[in-house]
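Engineer: This structure is in structure tokens; I'll ask about it shortly.
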Amino acid sequence: MNYETFTAVSFRCFERVTLEGLARVNLLTGQNNVGKTALLEAIAVHAGFADPQVVVDLHGIRSGGDRVGDPHDVWWWLFRHRNAEAPVRLQGAFDDRVTRTVEISARQSRRGAVAPVASTSTVTTGGAAGPVEIVFGYSDSASKESTAVVTLSRGGVTMNPVQNADMPRTALVSTGRTDPIEEAGLVSRAIEEGDDGYLVEAVRLVDDRVARVFPLVKGGIPVLYVQMDAGPPIPLSLLGEGCRRMVTLALRMRTNDVVLVDELENGVHHSALERVWRGIERLAQAAGTQVFVTTHSYECIRAAAHGLCAGAARLYRFERRDGGTVVVAADGEALRAAVAEGLEVR
Amino acid sequence: MTAPLSISGRVLVLGEGRDEQRFFSWLLGATGCADVQVLEYGGKNNLGAFLKALPSVTGFSNVARLVVTRDADESAASAFQSACSGLRSAGLPVPTELGVLGGADAGPRVAVHILCGDEGLGALEDVVLRAVAGDPATACVDALVACLADRGALPVRHRLGKAKLQAWLASRERPGLQLGEAAQAGYLDATSAVFGDLVRLVRDGDAQ
């Protein structure tokens, strides 16, 4: 299941932003704080609304850890300017011809009666006004509806997820944020199914000495090791960021419909970037995965222009204009022309 | 790696190649056109892709006027239609008339300027030949062309202007320069009336 169009309204920094004509591989560029990562998060929340834990996980990635100062704050920053008066609207039109909408709103529950929240300035979560509910309302063009609710109260945060939501499986790949034990499990399964060749192929994009990737149980914990063409197996964690990223990326692309990659170039030598893009396209085609990648690097964009088939790629440049965010798109052919003429599209 | 090129001018002029870029930069600079940036699009076959890339280039949102230049080659009308087709595919405003800015509520106003000789075919070189028509060396160039014609060795008609201008440039104190280089070396007069339409279009948004 792939996105064809995605719209975010009143989400984080966006008043309204739409990405049309989405391709297999989508590059998101633009200056700092223009909303590239926020767009990845919007997709992650849209696809993962059924389990609102996704919002907490995203906060963990942003803050570099799982600790949350004020557990309620995480939820309010979903709304633009922290203003819950304007509900968040995330909408995706998919290649299965279904448009799926997630609306996020806040309401205050008082003695059983539920009233809409007037504004965040009047919300005192868990205080005298009583608990607040963050509602993730799903609807689609096939007339399906469901609702996940998060209750914020003085006692903490309670989540009521939805089961069996018809959304793409989505993963966000960000520097330094991996779950080694989970990944070791995924690699075990791939080896068991005789389907680990793609993994080695992916890691070899950045280091062609890699012969095998496999888990070993050390101290009761599964740990990923890499066998190079010579010497003893080396823990993956001791290899460079590039190798670790390739493992994460390949595993996520193999097991998800949509993979969101923040700053692909991190840890990858510029000379490997073109190969990495080719590898990403190959994996995406093979697994039917759609990829969204943010980058600040011209080397990364140039490598994409050279490494990706023009028909599989699209660039979206985020620009601040008139106090809002505007997205300008360029197809693969235009991306190549821009790079060939040395034009600035970051 | 050289730094990627951002758009900094309010008026953007597109030329086919590096030589055209040099020439237009000289011409527009010498005639007092302010806040103008000239870019090359890498040849007519690349114009469509270049136009599609343009809106995603840093600074394009500040462009008020876009002037696309193109050689007429065998037909000014066909070249105009081809440039308009590229603009349409790129989602940019499409002018209805040659050399006239097409209006748009949002985004830049856009004009297409076709470079050609008197018969509506040819290239930038044909325009420049008209600018140097009074130079004594043009008689020698005409004699060369007549000699080539006698021997059946003339280039095809729409490329004759290029050949003639190369011959004229060979008569300068520093022969062998490209057109843009020759302009920058001071061999051409930017105030020549033959450049007037383009200069007015770029400077004032009006070719008349």
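Residue names in the structure tokens use chain letters A, B, ... in the order shown, residue numbers from 1 in each chain, and ligand numbers from 1 in the order shown.
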So that I can see what lies close to stretch 160-165 of chain A, please list as a list in words the residues with an atom at most 6 Å from it, counting only C-alpha atoms and leaving out residues fewer than 6 positions away in the same chain.
Structural biologist: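 Listing them by chain and then by number gives Ala50, Asp51, Ala148 and Val149 of chain A.
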Engineer: Emit the selected residues as a CSV table (one decimal), in the first residue's frame, including N, CA and C atoms.
Structural biologist:
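Contents of the output file again-v7.csv:
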chain,number,residue,atom,x,y,z
A,50,ALA,N,-3.6,4.1,14.9
A,50,ALA,CA,-4.3,3.1,15.6
A,50,ALA,C,-3.7,2.8,17.0
A,51,ASP,N,-2.4,3.0,17.0
A,51,ASP,CA,-1.7,2.8,18.3
A,51,ASP,C,-1.0,4.2,18.6
A,148,ALA,N,-9.2,5.9,18.0
A,148,ALA,CA,-8.3,5.6,19.1
A,148,ALA,C,-8.3,6.8,20.1
A,149,VAL,N,-8.2,6.6,21.3
A,149,VAL,CA,-8.3,7.7,22.3
A,149,VAL,C,-7.1,7.6,23.3
Engineer: Would you give me, as a Markdown table, each residue of chain B having an atom within 6 Å of an atom of chain A, along with its shortest atom pair and that distance in Å to one decimal, using only C-alpha atoms and sorting by chain and residue number?
Structural biologist:
| residue | atom | partner | partner_atom | distance |
| --- | --- | --- | --- | --- |
| B:Pro4 | CA | A:Glu344 | CA | 4.7 |
| B:Leu5 | CA | A:Leu343 | CA | 4.6 |
| B:Ser6 | CA | A:Glu344 | CA | 5.1 |
| B:Ala49 | CA | A:Ala334 | CA | 4.8 |
| B:Phe50 | CA | A:Ala337 | CA | 5.4 |
| B:Lys52 | CA | A:Ala334 | CA | 5.3 |
| B:Ala53 | CA | A:Ala334 | CA | 4.4 |
| B:Ser56 | CA | A:Val328 | CA | 5.4 |
| B:Val57 | CA | A:Val345 | CA | 4.7 |
| B:Thr58 | CA | A:Glu344 | CA | 5.7 |
Engineer: I need the residues of stretch 18-178 of chain B that end up classed as helix (DSSP H, G or I) by DSSP on the backbone, written out as a VMD selection string.
Structural biologist: chain B and resid 18 to 30 44 to 56 60 to 62 76 to 89 124 to 131 137 to 150 157 to 169
Engineer: I'd like the neighbourhood of A:Arg320 as a VMD selection string, where a residue qualifies if any of its atoms comes within 8 Å (using only C-alpha atoms), though same-chain residues fewer than 5 positions away should be ignored.
Structural biologist: chain A and resid 34 325 to 326
Engineer: Just list the residues in stretch 10-194 of chain A DSSP gives strand (DSSP E or B) on the backbone, as number ranges by chain.
Structural biologist: A: 11, 16-19, 25-30, 79, 88-94, 99-110, 113-116, 132-140, 145-153, 156-160, 170-174, 177
Engineer: Output C-alpha atoms for every residue in the selection just made, as a compact mmCIF listing (two decimals), in the first residue's frame.
Structural biologist:
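Final output, out_39.txt:
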# COMPACT_ATOMS: atom_id res chain seq x y z
CA PHE A 11 0.01 19.51 12.27
CA ARG A 16 -1.55 23.04 5.38
CA VAL A 17 0.87 21.10 3.22
CA THR A 18 0.19 18.70 0.37
CA LEU A 19 2.53 16.35 -1.46
CA VAL A 25 11.29 7.11 -3.68
CA ASN A 26 10.60 10.63 -2.43
CA LEU A 27 13.28 13.11 -1.43
CA LEU A 28 12.35 15.89 0.97
CA THR A 29 14.65 18.91 0.96
CA GLY A 30 14.62 22.42 2.40
CA PHE A 79 -1.29 20.70 17.13
CA VAL A 88 -5.08 18.08 13.03
CA ARG A 89 -6.11 16.54 9.73
CA LEU A 90 -3.89 13.98 8.05
CA GLN A 91 -5.09 12.53 4.79
CA GLY A 92 -3.57 10.06 2.40
CA ALA A 93 -4.84 8.97 -0.99
CA PHE A 94 -3.48 5.50 -1.71
CA THR A 99 -8.50 7.91 0.81
CA ARG A 100 -7.80 7.54 4.50
CA THR A 101 -8.20 10.45 6.89
CA VAL A 102 -7.10 10.77 10.48
CA GLU A 103 -8.40 13.73 12.44
CA ILE A 104 -6.81 14.46 15.78
CA SER A 105 -8.75 16.59 18.21
CA ALA A 106 -8.83 17.31 21.92
CA ARG A 107 -11.82 17.31 24.19
CA GLN A 108 -12.26 17.76 27.89
CA SER A 109 -14.10 15.18 29.91
CA ARG A 110 -15.86 16.54 33.01
CA ALA A 113 -19.87 14.91 30.04
CA VAL A 114 -17.56 15.54 27.11
CA ALA A 115 -17.10 19.02 25.69
CA PRO A 116 -14.73 20.23 22.99
CA VAL A 132 -8.56 15.51 28.57
CA GLU A 133 -8.97 13.13 25.68
CA ILE A 134 -6.91 13.27 22.51
CA VAL A 135 -9.05 11.61 19.88
CA PHE A 136 -7.61 9.98 16.75
CA GLY A 137 -10.64 9.66 14.51
CA TYR A 138 -10.22 7.55 11.39
CA SER A 139 -12.48 7.59 8.35
CA ASP A 140 -11.99 6.50 4.78
CA GLU A 145 -14.51 4.53 10.75
CA SER A 146 -12.68 3.92 14.01
CA THR A 147 -11.32 5.90 16.91
CA ALA A 148 -8.30 5.62 19.13
CA VAL A 149 -8.30 7.68 22.30
CA VAL A 150 -5.58 8.89 24.62
CA THR A 151 -6.68 10.13 28.01
CA LEU A 152 -4.48 12.63 29.78
CA SER A 153 -5.18 12.87 33.48
CA GLY A 156 -0.83 9.84 33.70
CA VAL A 157 -1.60 8.86 30.14
CA THR A 158 -3.95 6.06 29.14
CA MET A 159 -4.09 4.83 25.58
CA ASN A 160 -6.93 2.97 23.94
CA THR A 170 5.39 2.15 8.51
CA ALA A 171 8.83 2.55 10.06
CA LEU A 172 10.96 5.60 10.70
CA VAL A 173 14.72 5.22 10.34
CA SER A 174 16.70 7.86 12.18
CA ARG A 177 17.58 4.97 16.91
Engineer: Give me, as number ranges by chain, all polymer residues having an atom no more than 9 Å from B:Ser89, counting only C-alpha atoms and skipping those fewer than 4 positions away in the same chain.
Structural biologist: B: 48, 51-52, 84-85
Engineer: What does the file look like for those residues with N, CA and C atoms, as an mmCIF file, in the first residue's frame?
Structural biologist:
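Below is the file that was written, result.cif:
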data_model
loop_
_atom_site.group_PDB
_atom_site.id
_atom_site.type_symbol
_atom_site.label_atom_id
_atom_site.label_comp_id
_atom_site.auth_asym_id
_atom_site.auth_seq_id
_atom_site.Cartn_x
_atom_site.Cartn_y
_atom_site.Cartn_z
ATOM 1 N N GLY B 48 12.869 21.515 -21.610
ATOM 2 C CA GLY B 48 11.686 21.022 -20.902
ATOM 3 C C GLY B 48 12.017 20.578 -19.486
ATOM 4 N N LEU B 51 13.008 23.560 -17.266
ATOM 5 C CA LEU B 51 11.860 24.360 -16.819
ATOM 6 C C LEU B 51 11.123 23.647 -15.694
ATOM 7 N N LYS B 52 11.043 22.328 -15.786
ATOM 8 C CA LYS B 52 10.368 21.579 -14.719
ATOM 9 C C LYS B 52 11.137 21.667 -13.403
ATOM 10 N N CYS B 84 6.775 27.035 -25.366
ATOM 11 C CA CYS B 84 5.490 27.115 -24.641
ATOM 12 C C CYS B 84 5.087 25.752 -24.105
ATOM 13 N N SER B 85 5.345 24.727 -24.900
ATOM 14 C CA SER B 85 5.022 23.375 -24.465
ATOM 15 C C SER B 85 5.831 23.017 -23.209
#
